[in-house]
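Next comes query.cif, a file with mmCIF, C-alpha atoms.
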```cif
data_data
#
loop_
_atom_site.label_atom_id
_atom_site.label_comp_id
_atom_site.auth_asym_id
_atom_site.auth_seq_id
_atom_site.Cartn_x
_atom_site.Cartn_y
_atom_site.Cartn_z
CA MET A 1 41.31 -14.84 16.07
CA THR A 2 43.74 -15.90 13.43
CA ILE A 3 43.79 -14.28 10.05
CA VAL A 4 43.78 -16.85 7.29
CA TRP A 5 44.07 -15.03 4.01
CA THR A 6 42.65 -17.88 1.98
CA ASN A 7 39.41 -17.63 3.94
CA ILE A 8 39.09 -14.04 2.77
CA VAL A 9 39.63 -15.19 -0.79
CA PHE A 10 37.19 -18.06 -0.39
CA SER A 11 34.46 -15.83 0.92
CA ILE A 12 35.02 -13.32 -1.88
CA VAL A 13 34.96 -16.06 -4.49
CA ALA A 14 31.92 -17.76 -3.00
CA PHE A 15 30.00 -14.51 -2.81
CA VAL A 16 30.94 -13.41 -6.32
CA ILE A 17 30.01 -16.77 -7.81
CA LEU A 18 26.72 -16.79 -5.91
CA TYR A 19 26.00 -13.25 -7.05
CA ILE A 20 26.73 -14.01 -10.70
CA LEU A 21 24.71 -17.23 -10.69
CA LEU A 22 21.75 -15.70 -8.95
CA SER A 23 21.58 -12.54 -11.00
CA LYS A 24 21.99 -14.50 -14.20
CA TYR A 25 19.59 -17.37 -13.57
CA ALA A 26 17.18 -16.14 -10.95
CA PHE A 27 16.89 -12.45 -10.28
CA SER A 28 16.55 -11.23 -13.84
CA LYS A 29 13.63 -13.60 -14.33
CA LEU A 30 12.13 -12.67 -10.99
CA PHE A 31 12.39 -8.94 -11.66
CA GLY A 32 10.77 -9.39 -15.07
CA ILE A 33 7.88 -11.29 -13.58
CA MET A 34 7.52 -8.78 -10.77
CA GLU A 35 7.39 -5.95 -13.28
CA LYS A 36 4.72 -7.84 -15.21
CA ARG A 37 2.78 -8.47 -12.04
CA ARG A 38 2.96 -4.80 -11.15
CA GLU A 39 1.63 -3.92 -14.58
CA LEU A 40 -1.11 -6.51 -14.25
CA VAL A 41 -2.20 -5.10 -10.91
CA LEU A 42 -2.14 -1.56 -12.29
CA GLN A 43 -4.16 -2.64 -15.29
CA GLN A 44 -6.68 -4.45 -13.12
CA MET A 45 -7.03 -1.46 -10.87
CA ASP A 46 -7.49 0.74 -13.89
CA GLU A 47 -10.15 -1.59 -15.21
CA ALA A 48 -11.90 -1.69 -11.87
CA ALA A 49 -11.98 2.10 -11.74
CA LYS A 50 -13.37 2.24 -15.25
CA THR A 51 -16.03 -0.35 -14.44
CA ARG A 52 -17.01 1.58 -11.36
CA GLU A 53 -17.33 4.76 -13.37
CA GLN A 54 -19.49 2.95 -15.88
CA ALA A 55 -21.63 1.54 -13.12
CA VAL A 56 -22.11 4.98 -11.61
CA ALA A 57 -23.06 6.42 -14.98
CA TYR A 58 -25.44 3.53 -15.55
CA VAL A 59 -27.09 4.01 -12.18
CA GLU A 60 -27.47 7.72 -12.93
CA GLU A 61 -29.03 6.88 -16.26
CA GLN A 62 -31.40 4.45 -14.61
CA LYS A 63 -32.37 7.04 -12.05
CA GLN A 64 -33.16 9.54 -14.74
CA ALA A 65 -35.17 6.96 -16.67
CA LEU A 66 -37.10 6.09 -13.54
CA GLN A 67 -37.79 9.75 -12.84
CA LYS A 68 -38.99 10.23 -16.37
CA ALA A 69 -41.24 7.19 -16.18
CA ARG A 70 -42.70 8.45 -12.92
CA GLU A 71 -43.43 11.84 -14.44
CA GLU A 72 -45.02 10.22 -17.44
CA ALA A 73 -47.18 8.05 -15.26
CA LYS A 74 -48.31 11.07 -13.28
CA GLN A 75 -49.13 12.89 -16.48
CA ILE A 76 -51.07 9.95 -17.81
CA ILE A 77 -53.08 9.70 -14.61
CA GLN A 78 -53.85 13.41 -14.67
CA GLN A 79 -54.84 13.22 -18.28
CA SER A 80 -57.11 10.27 -17.75
CA GLN A 81 -58.69 11.97 -14.76
CA ALA A 82 -59.38 15.05 -16.84
CA THR A 83 -60.84 13.06 -19.72
CA SER A 84 -63.02 10.96 -17.46
CA LEU A 85 -64.33 14.03 -15.70
CA ASN A 86 -65.06 15.63 -19.05
CA GLN A 87 -66.79 12.55 -20.31
CA ALA A 88 -68.93 12.26 -17.24
CA ASP A 89 -70.05 15.88 -17.64
CA LYS A 90 -70.82 15.27 -21.24
CA LEU A 91 -72.78 12.13 -20.40
CA ILE A 92 -74.79 13.92 -17.77
CA ASP A 93 -75.54 16.77 -20.16
CA GLN A 94 -76.59 14.35 -22.81
CA ALA A 95 -78.80 12.52 -20.39
CA LYS A 96 -80.41 15.75 -19.29
CA VAL A 97 -81.10 16.81 -22.85
CA GLU A 98 -82.48 13.37 -23.64
CA ALA A 99 -84.70 13.47 -20.58
CA ALA A 100 -86.03 16.91 -21.50
CA ARG A 101 -86.73 15.77 -25.02
CA LEU A 102 -88.51 12.67 -23.79
CA LYS A 103 -90.57 14.75 -21.41
CA ASP A 104 -91.59 17.23 -24.16
CA GLU A 105 -92.55 14.42 -26.42
CA ALA A 106 -94.60 12.82 -23.73
CA VAL A 107 -96.41 16.10 -22.99
CA ARG A 108 -97.14 16.57 -26.68
CA ASP A 109 -98.40 13.02 -26.99
CA ILE A 110 -100.63 13.43 -23.98
CA ALA A 111 -102.09 16.65 -25.40
CA ASN A 112 -102.65 14.98 -28.74
CA GLU A 113 -104.33 11.98 -27.22
CA LYS A 114 -106.50 14.23 -25.12
CA ASN A 115 -107.64 16.23 -28.16
CA LYS A 116 -108.31 13.04 -30.05
CA ALA A 117 -110.25 11.63 -27.14
CA VAL A 118 -112.25 14.83 -26.77
CA GLU A 119 -113.02 14.81 -30.50
CA ALA A 120 -114.04 11.18 -30.39
CA LEU A 121 -116.08 11.69 -27.24
CA ARG A 122 -117.80 14.67 -28.80
CA SER A 123 -118.88 12.84 -31.90
CA GLU A 124 -119.87 9.82 -29.85
CA LEU A 125 -121.81 11.98 -27.44
CA GLY A 126 -123.58 13.79 -30.32
CA SER A 127 -124.84 10.69 -31.98
CA ALA A 128 -125.63 9.04 -28.64
CA SER A 129 -127.66 12.01 -27.46
CA VAL A 130 -129.44 12.17 -30.82
CA ARG A 131 -130.26 8.49 -30.47
CA ILE A 132 -131.53 8.95 -26.92
CA ALA A 133 -133.44 11.98 -27.87
CA SER A 134 -134.88 10.34 -30.98
CA LYS A 135 -135.88 7.32 -28.86
CA LEU A 136 -137.60 9.64 -26.47
CA LEU A 137 -139.13 11.81 -29.08
CA GLU A 138 -139.76 9.12 -31.68
CA LYS A 139 -143.39 9.09 -31.23
CA GLU A 140 -143.92 12.80 -31.24
CA VAL A 141 -141.41 14.07 -33.70
CA LYS A 142 -141.40 11.14 -36.09
CA ALA A 143 -141.29 12.31 -39.58
CA ASP A 144 -141.08 15.79 -38.48
CA GLY A 145 -137.87 17.01 -40.11
CA GLU A 146 -138.19 20.40 -38.57
CA GLN A 147 -137.62 19.18 -35.00
CA GLU A 148 -134.60 16.97 -35.82
CA GLN A 149 -132.98 20.00 -37.32
CA LEU A 150 -133.53 21.88 -34.08
CA VAL A 151 -131.91 19.17 -31.96
CA ASP A 152 -128.87 19.07 -34.16
CA GLN A 153 -128.51 22.74 -33.89
CA TYR A 154 -128.77 22.59 -30.14
CA LEU A 155 -126.19 19.83 -29.85
CA LYS A 156 -123.80 21.75 -32.00
CA GLU A 157 -124.18 24.59 -29.61
CA VAL A 158 -123.29 22.27 -26.66
CA GLY A 159 -120.27 20.74 -28.48
CA GLY A 160 -118.99 24.14 -29.50
CA ARG A 161 -119.03 25.34 -25.89
CA SER A 162 -116.90 22.55 -24.52
CA MET Z 1 39.71 -22.54 22.39
CA HIS Z 2 38.56 -24.31 19.26
CA GLU Z 3 41.04 -24.61 16.47
CA MET Z 4 40.42 -24.22 12.75
CA PRO Z 5 40.90 -27.39 10.73
CA ILE Z 6 43.54 -25.98 8.41
CA ILE Z 7 45.53 -28.04 5.96
CA TYR Z 8 48.39 -26.79 3.86
CA LEU Z 9 48.49 -27.38 0.14
CA GLY Z 10 52.08 -26.46 -0.51
CA SER Z 11 52.21 -23.18 1.39
CA ILE Z 12 48.56 -22.30 0.87
CA PRO Z 13 46.46 -22.68 4.04
CA ILE Z 14 42.97 -24.04 3.49
CA ASP Z 15 40.44 -23.81 6.28
CA LEU Z 16 38.21 -26.81 5.66
CA SER Z 17 35.43 -25.56 7.91
CA ALA Z 18 35.29 -22.27 6.02
CA VAL Z 19 35.13 -24.09 2.69
CA LEU Z 20 32.45 -26.41 4.00
CA THR Z 21 30.22 -23.79 5.58
CA LEU Z 22 30.58 -21.28 2.75
CA LEU Z 23 29.64 -24.01 0.35
CA ILE Z 24 26.65 -25.02 2.44
CA SER Z 25 25.26 -21.51 2.80
CA SER Z 26 25.88 -20.72 -0.87
CA VAL Z 27 24.06 -23.88 -1.90
CA ILE Z 28 21.19 -23.20 0.49
CA VAL Z 29 20.75 -19.66 -0.84
CA PHE Z 30 21.08 -20.81 -4.43
CA VAL Z 31 18.60 -23.67 -4.04
CA LEU Z 32 16.15 -21.46 -2.15
CA VAL Z 33 16.20 -18.80 -4.83
CA MET Z 34 16.10 -21.27 -7.70
CA LEU Z 35 13.13 -23.05 -6.12
CA SER Z 36 11.32 -19.77 -5.74
CA VAL Z 37 11.83 -18.83 -9.39
CA ARG Z 38 11.15 -22.30 -10.73
CA ASN Z 39 7.48 -21.80 -11.51
CA LEU Z 40 7.21 -18.07 -11.94
CA SER Z 41 3.70 -16.96 -12.66
CA VAL Z 42 2.17 -13.60 -13.30
CA ASP Z 43 -1.31 -14.15 -11.97
CA ASN Z 44 -0.95 -17.14 -9.66
CA PRO Z 45 2.31 -16.91 -7.70
CA SER Z 46 3.44 -19.80 -5.53
CA ARG Z 47 4.12 -19.29 -1.86
CA LEU Z 48 7.89 -19.28 -2.40
CA GLN Z 49 7.53 -16.77 -5.18
CA ASN Z 50 5.52 -14.54 -2.89
CA PHE Z 51 8.21 -14.87 -0.24
CA MET Z 52 10.96 -14.01 -2.69
CA GLU Z 53 8.98 -11.05 -3.99
CA TRP Z 54 8.58 -9.89 -0.44
CA VAL Z 55 12.36 -10.11 0.01
CA VAL Z 56 12.89 -8.19 -3.22
CA GLU Z 57 10.49 -5.49 -2.11
CA PHE Z 58 12.20 -5.35 1.25
CA VAL Z 59 15.58 -4.85 -0.40
CA GLN Z 60 14.05 -2.23 -2.68
CA GLY Z 61 12.85 -0.45 0.42
CA VAL Z 62 16.32 -0.65 1.94
CA ILE Z 63 17.90 0.75 -1.21
CA SER Z 64 15.34 3.49 -1.65
CA SER Z 65 16.02 4.62 1.91
CA ALA Z 66 19.66 5.16 0.94
CA MET Z 67 19.35 6.52 -2.58
CA ASP Z 68 16.98 7.23 -5.40
CA LEU Z 69 15.53 3.89 -6.45
CA LYS Z 70 16.07 4.68 -10.12
CA LYS Z 71 19.80 4.95 -9.49
CA GLY Z 72 19.71 2.03 -7.10
CA LYS Z 73 18.12 -0.45 -9.47
CA PRO Z 74 21.41 -2.16 -10.47
CA TYR Z 75 22.16 -2.82 -6.80
CA ILE Z 76 18.97 -4.76 -6.05
CA SER Z 77 20.64 -8.03 -7.06
CA LEU Z 78 23.64 -7.18 -4.92
CA GLY Z 79 21.50 -6.30 -1.94
CA LEU Z 80 19.43 -9.47 -2.36
CA THR Z 81 22.48 -11.70 -2.56
CA LEU Z 82 24.06 -9.96 0.42
CA ILE Z 83 21.04 -10.14 2.68
CA LEU Z 84 20.17 -13.74 1.81
CA PHE Z 85 23.76 -14.97 2.01
CA ILE Z 86 24.50 -13.26 5.30
CA PHE Z 87 21.18 -14.23 6.85
CA VAL Z 88 21.58 -17.89 5.94
CA SER Z 89 25.21 -17.82 7.03
CA ASN Z 90 24.24 -16.30 10.38
CA LEU Z 91 21.65 -18.99 11.03
CA LEU Z 92 23.83 -21.86 9.90
CA GLY Z 93 25.69 -22.30 13.19
CA LEU Z 94 22.63 -21.81 15.39
CA PRO Z 95 21.14 -25.29 15.58
CA PHE Z 96 24.43 -27.05 16.27
CA SER Z 97 28.15 -26.91 15.75
CA PHE Z 98 30.39 -29.84 15.01
CA ILE Z 99 33.54 -30.26 17.06
CA THR Z 100 36.00 -33.12 17.11
CA GLU Z 101 38.65 -33.79 19.71
CA ALA Z 102 42.00 -34.76 18.28
CA HIS Z 103 44.59 -36.55 20.41
CA GLU Z 104 47.08 -37.24 17.66
CA PRO Z 105 47.80 -35.79 14.23
CA VAL Z 106 44.70 -35.96 12.03
CA TYR Z 107 45.08 -36.50 8.32
CA ILE Z 108 42.49 -35.53 5.78
CA PHE Z 109 42.86 -36.03 2.02
CA GLY Z 110 46.41 -37.06 2.80
CA HIS Z 111 47.26 -33.75 4.44
CA VAL Z 112 47.82 -33.22 8.13
CA ILE Z 113 45.64 -30.69 9.89
CA ASP Z 114 47.98 -27.99 11.04
CA ALA Z 115 46.73 -27.63 14.59
CA THR Z 116 47.19 -31.33 15.30
CA LYS Z 117 50.64 -31.60 13.77
CA ASN Z 118 52.71 -31.27 16.93
CA LEU Z 119 50.43 -33.11 19.32
CA THR Z 120 52.29 -35.25 21.77
CA HIS Z 121 50.78 -37.95 23.92
CA GLY Z 122 48.24 -36.63 26.45
CA GLU Z 123 47.55 -33.33 24.71
CA HIS Z 124 44.46 -32.69 22.65
CA VAL Z 125 42.91 -29.95 20.53
CA GLU Z 126 39.30 -29.36 19.63
CA LEU Z 127 38.64 -28.86 15.93
CA LEU Z 128 35.61 -26.76 14.99
CA TRP Z 129 34.31 -28.12 11.71
CA TYR Z 130 30.88 -26.65 11.42
CA LYS Z 131 29.76 -23.19 12.54
CA SER Z 132 28.32 -20.03 11.06
CA PRO Z 133 30.72 -18.93 8.35
CA THR Z 134 30.10 -15.37 9.47
CA ALA Z 135 31.47 -16.25 12.91
CA ASP Z 136 34.89 -16.14 11.25
CA ILE Z 137 36.40 -12.70 10.85
CA ASN Z 138 38.15 -13.72 7.63
CA ILE Z 139 34.89 -14.37 5.91
CA THR Z 140 33.18 -11.19 7.05
CA ALA Z 141 36.35 -9.38 6.01
CA GLY Z 142 36.00 -10.91 2.57
CA LEU Z 143 32.47 -9.58 2.29
CA ALA Z 144 33.54 -6.18 3.57
CA ILE Z 145 36.38 -6.07 1.05
CA ILE Z 146 33.90 -6.73 -1.74
CA VAL Z 147 31.80 -3.82 -0.50
CA PHE Z 148 34.88 -1.61 -0.09
CA VAL Z 149 36.19 -2.32 -3.58
CA LEU Z 150 32.76 -1.98 -5.12
CA MET Z 151 31.92 1.34 -3.48
CA ASN Z 152 35.25 2.93 -4.37
CA PHE Z 153 35.12 1.57 -7.90
CA LEU Z 154 31.59 2.87 -8.39
CA GLY Z 155 32.57 6.17 -6.82
CA ILE Z 156 35.44 6.68 -9.24
CA LYS Z 157 33.42 5.46 -12.20
CA GLN Z 158 30.28 7.46 -11.62
CA ASN Z 159 31.48 10.46 -9.68
CA GLY Z 160 34.80 11.11 -11.43
CA LYS Z 161 36.80 13.97 -10.05
CA HIS Z 162 34.31 14.66 -7.28
CA TYR Z 163 35.32 11.35 -5.77
CA PHE Z 164 38.93 12.49 -5.38
CA LYS Z 165 37.94 16.01 -4.50
CA HIS Z 166 35.97 14.61 -1.63
CA TYR Z 167 39.23 13.53 0.09
CA ILE Z 168 40.49 17.08 0.47
CA GLU Z 169 37.29 18.56 1.69
CA PRO Z 170 36.60 20.79 3.44
CA PHE Z 171 40.41 21.47 3.60
CA PRO Z 172 43.38 19.58 2.20
CA ILE Z 173 44.56 18.95 5.75
CA PHE Z 174 41.61 16.59 6.15
CA LEU Z 175 43.11 14.13 3.67
CA PRO Z 176 44.38 11.58 6.22
CA LEU Z 177 41.13 11.84 8.17
CA ASN Z 178 39.09 11.18 5.07
CA ILE Z 179 41.25 8.21 4.15
CA ILE Z 180 40.84 6.76 7.62
CA GLU Z 181 37.11 7.35 7.42
CA ASN Z 182 36.95 5.47 4.17
CA LEU Z 183 39.04 2.58 5.49
CA ALA Z 184 37.05 2.42 8.71
CA LYS Z 185 33.90 1.56 6.82
CA PRO Z 186 34.80 -1.97 5.74
CA VAL Z 187 36.58 -2.66 9.01
CA ALA Z 188 33.48 -1.69 10.93
CA LEU Z 189 31.32 -3.79 8.62
CA ALA Z 190 33.49 -6.87 9.03
CA ILE Z 191 33.96 -6.60 12.78
CA ARG Z 192 30.33 -5.80 13.53
CA LEU Z 193 29.02 -8.81 11.68
CA PHE Z 194 31.73 -11.16 12.95
CA ALA Z 195 31.46 -10.04 16.56
CA ASN Z 196 27.70 -10.36 16.74
CA ILE Z 197 27.58 -13.85 15.31
CA PHE Z 198 30.71 -15.07 17.07
CA ALA Z 199 29.44 -13.80 20.41
CA GLY Z 200 26.14 -15.54 19.80
CA GLU Z 201 27.85 -18.86 19.21
CA VAL Z 202 30.20 -18.44 22.14
CA LEU Z 203 27.26 -17.76 24.39
CA ILE Z 204 25.51 -20.89 23.09
CA THR Z 205 28.62 -22.90 24.01
CA VAL Z 206 28.65 -21.32 27.45
CA ILE Z 207 24.95 -21.93 28.04
CA LEU Z 208 25.39 -25.58 27.03
CA LYS Z 209 27.74 -26.03 29.97
CA LEU Z 210 24.72 -25.67 32.28
CA GLY Z 211 23.61 -29.14 31.29
CA ILE Z 212 19.89 -29.87 31.49
CA LEU Z 213 19.24 -26.43 32.98
CA SER Z 214 20.41 -24.83 29.79
CA ILE Z 215 17.30 -25.71 27.76
CA PRO Z 216 15.14 -22.62 28.55
CA PHE Z 217 18.10 -20.26 28.26
CA LEU Z 218 19.12 -21.89 25.04
CA ALA Z 219 15.64 -21.53 23.59
CA VAL Z 220 15.55 -17.85 24.47
CA TRP Z 221 19.06 -17.16 23.23
CA GLN Z 222 18.59 -19.07 19.98
CA GLY Z 223 15.41 -17.17 19.27
CA PHE Z 224 17.25 -13.95 19.95
CA SER Z 225 20.12 -15.11 17.75
CA ILE Z 226 17.74 -15.55 14.83
CA PHE Z 227 16.68 -11.98 15.37
CA VAL Z 228 20.30 -10.84 15.63
CA GLY Z 229 21.19 -12.76 12.48
CA ALA Z 230 18.38 -11.08 10.53
CA LEU Z 231 19.26 -7.71 12.00
CA GLN Z 232 22.94 -8.02 11.13
CA ALA Z 233 22.14 -9.10 7.58
CA PHE Z 234 19.86 -6.08 7.29
CA ILE Z 235 22.48 -3.73 8.76
CA PHE Z 236 25.21 -5.03 6.48
CA THR Z 237 22.98 -4.57 3.45
CA ILE Z 238 21.72 -1.13 4.32
CA LEU Z 239 25.22 0.11 5.21
CA THR Z 240 26.50 -1.21 1.89
CA MET Z 241 23.81 0.74 0.10
CA VAL Z 242 24.44 3.85 2.15
CA TYR Z 243 28.17 3.69 1.41
CA ILE Z 244 27.54 3.18 -2.29
CA ALA Z 245 25.12 6.08 -2.26
CA GLN Z 246 27.63 8.30 -0.48
CA MET Z 247 30.31 7.49 -2.98
CA THR Z 248 28.31 7.61 -6.19
CA ILE Z 249 25.87 10.43 -5.66
CA HIS Z 250 27.31 13.87 -6.00
CA GLU Z 251 25.27 16.35 -4.03
CA GLU Z 252 25.14 19.59 -5.95
CA GLU Z 253 23.88 21.55 -2.97
CA ALA Z 254 26.89 20.59 -0.89
CA HIS Z 255 29.33 22.49 -3.11
#
```
So, in terms of structure tokens, how does the structure I just supplied come out?
Amino acid sequence: MTIVWTNIVFSIVAFVILYILLSKYAFSKLFGIMEKRRELVLQQMDEAAKTREQAVAYVEEQKQALQKAREEAKQIIQQSQATSLNQADKLIDQAKVEAARLKDEAVRDIANEKNKAVEALRSELGSASVRIASKLLEKEVKADGEQEQLVDQYLKEVGGRS
Amino acid sequence: MHEMPIIYLGSIPIDLSAVLTLLISSVIVFVLVMLSVRNLSVDNPSRLQNFMEWVVEFVQGVISSAMDLKKGKPYISLGLTLILFIFVSNLLGLPFSFITEAHEPVYIFGHVIDATKNLTHGEHVELLWYKSPTADINITAGLAIIVFVLMNFLGIKQNGKHYFKHYIEPFPIFLPLNIIENLAKPVALAIRLFANIFAGEVLITVILKLGILSIPFLAVWQGFSIFVGALQAFIFTILTMVYIAQMTIHEEEAH
């Protein structure tokens, strides 16, 4: 292999020129962009982490809200059960009282009516028996005030016994 | 043996094949890089930009394996240029080489090519015009000299007296040994790269002599040569970084 000193010089010159051109026109730009890209990726990852945290917090919040709603619903159901039970008792009591009252009233009415009927029957019976008796006795006791008085007295005795 | 197409301008020898191939690989690297940084974008990188970013990250990895990346930041451009230039140069001679047979003196740009000057009737020389530039020891030596100068310059600049103190350590008697060690670095760099690529091209020439039978061997060897080319570019770059790190970083624990 022959040593040609100009080849050494050429390769040095070519490499140095290439290095200067590339670092001036290409690599500085490329490094800048790469740095920016790195920052962008970091920022996006940061954002993603933050979003995930938010999502987790949100889910936790939702869970708590759901739990609370469930508890409230349970409470409401219990409450309504209690009130309905209460109301039913009250209704039944009321009905019982009403029934008792109605029954009392009816008994009193019946007694009243009975008394009235007895009274009416008694007076009716008195006059009817007087009429029958007077029809029977017309001939004999006519104009005899003493006998009519006797009958009345007797009838009074009968009515007073019943 | 193939001859270099050398012409003399006055007394200055100019190897036309070296000029040609250096120019070609420089232009290829330059165009490749410029294309990849043409439409730089932060959020929507092109495929070439992705490729170039991958190369940059690869070189960053190489540097960070040799030294602290904070200190190594200024050398990323150097490492990138080295690895791209050497890789492209290594591959340049793989697909074909261009050889002419000269039976009489050949003139180019009005100058005679040195190897053909004294040709008499019946003799001929083969001129190798196109090959991998790194298959020429002069060119790998040029690259190694750049590395050698750079690492010693950086060593003196950044390490000061420790750089010189290093030559007489652990004892002053080690001075010649340390000097040889330092000189051996660029020599090893240059010869390793040259020998690998040159051997690859020689073997391609040999395989071609098999005629039609050579096709499978050629396919295998060319594939392997691509691998070797990448590997040698990587080795050259990482050794450069290791040497720079050795020279510039003063280990406090070692003293």
I'd like the contact shell of Ile108 of chain Z - 10 Å cut-off, all atoms listed in the file, skipping same-chain residues fewer than 4 positions apart - returned as number ranges by chain.
Z: 5-7, 16, 112-113
Kindly assemble as CSV a list of the chain Z residues that lie within 8 Å of chain A, each paired with its nearest atom pair and their distance in Å to one decimal, using all atoms listed in the file, sorted first by chain and then by ascending residue number.
```
residue,atom,partner,partner_atom,distance
Z:Ile12,CA,A:Thr6,CA,7.5
Z:Pro13,CA,A:Thr6,CA,6.5
Z:Ile14,CA,A:Thr6,CA,6.4
Z:Asp15,CA,A:Asn7,CA,6.7
Z:Ala18,CA,A:Asn7,CA,6.5
Z:Val19,CA,A:Phe10,CA,7.1
Z:Leu22,CA,A:Ala14,CA,6.9
Z:Leu23,CA,A:Ala14,CA,7.4
Z:Ser26,CA,A:Leu18,CA,6.4
Z:Phe30,CA,A:Leu22,CA,6.9
Z:Val33,CA,A:Ala26,CA,6.7
Z:Met34,CA,A:Ala26,CA,6.2
Z:Val37,CA,A:Ala26,CA,6.2
Z:Leu40,CA,A:Ile33,CA,7.0
Z:Ser41,CA,A:Ile33,CA,7.1
Z:Val42,CA,A:Arg37,CA,5.3
Z:Asp43,CA,A:Arg37,CA,7.0
Z:Glu53,CA,A:Met34,CA,7.3
Z:Ser77,CA,A:Ser23,CA,6.1
Z:Leu78,CA,A:Tyr19,CA,6.9
Z:Thr81,CA,A:Tyr19,CA,5.9
Z:Phe85,CA,A:Phe15,CA,7.9
Z:Ile137,CA,A:Met1,CA,7.5
Z:Asn138,CA,A:Ile8,CA,5.0
Z:Ile139,CA,A:Ser11,CA,5.2
Z:Thr140,CA,A:Ser11,CA,7.8
Z:Ala141,CA,A:Ile8,CA,6.3
Z:Gly142,CA,A:Ile8,CA,4.4
Z:Leu143,CA,A:Ile12,CA,6.2
Z:Ile145,CA,A:Ile12,CA,7.9
Z:Ile146,CA,A:Ile12,CA,6.7
```
Quick one: pull the distance between atom CA of Gly211 of chain Z and atom CA of Leu94 of chain Z, Å, one decimal.
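Distance between the two atoms: 17.5 Å.
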Residues proximal to (41.8, -31.6, 17.4) were defined as those with any atom within 12 Å of that point in the file's coordinates, counting all atoms listed in the file. Which are they, as a VMD selection string?
chain Z and resid 1 to 6 98 to 107 112 to 120 123 to 129
Evaluate the PyMOL selection byres ((chain A and resi 112-124) around 10) here and jot the selected residues down as a ChimeraX atom specification.
/A:106-111,125-130,155-156,158-160,162
Take atom CA of Ile83 of chain Z and atom CA of Gly223 of chain Z and report the distance between them in Å, one decimal.
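Pair atom CA of Ile83 of chain Z / atom CA of Gly223 of chain Z returns 18.9 Å.
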So which residues touch Ser225 of chain Z within 8 Å, counting all atoms listed in the file, skipping near sequence neighbours fewer than 6 positions away, as a ChimeraX atom specification?
/Z:91,94,197,200
When the PyMOL selection byres ((chain Z and resi 172-187) around 9) is applied to the structure above, which residues does it catch, written out as a list of chain:residue names?
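Applied to this file, the PyMOL selection byres ((chain Z and resi 172-187) around 9) selects Z:Ala141, Z:Leu143, Z:Ala144, Z:Ile145, Z:Ile146, Z:Val147, Z:Phe148, Z:His166, Z:Tyr167, Z:Ile168, Z:Glu169, Z:Pro170, Z:Phe171, Z:Ala188, Z:Leu189, Z:Ala190, Z:Ile191, Z:Arg192, Z:Leu239, Z:Tyr243.
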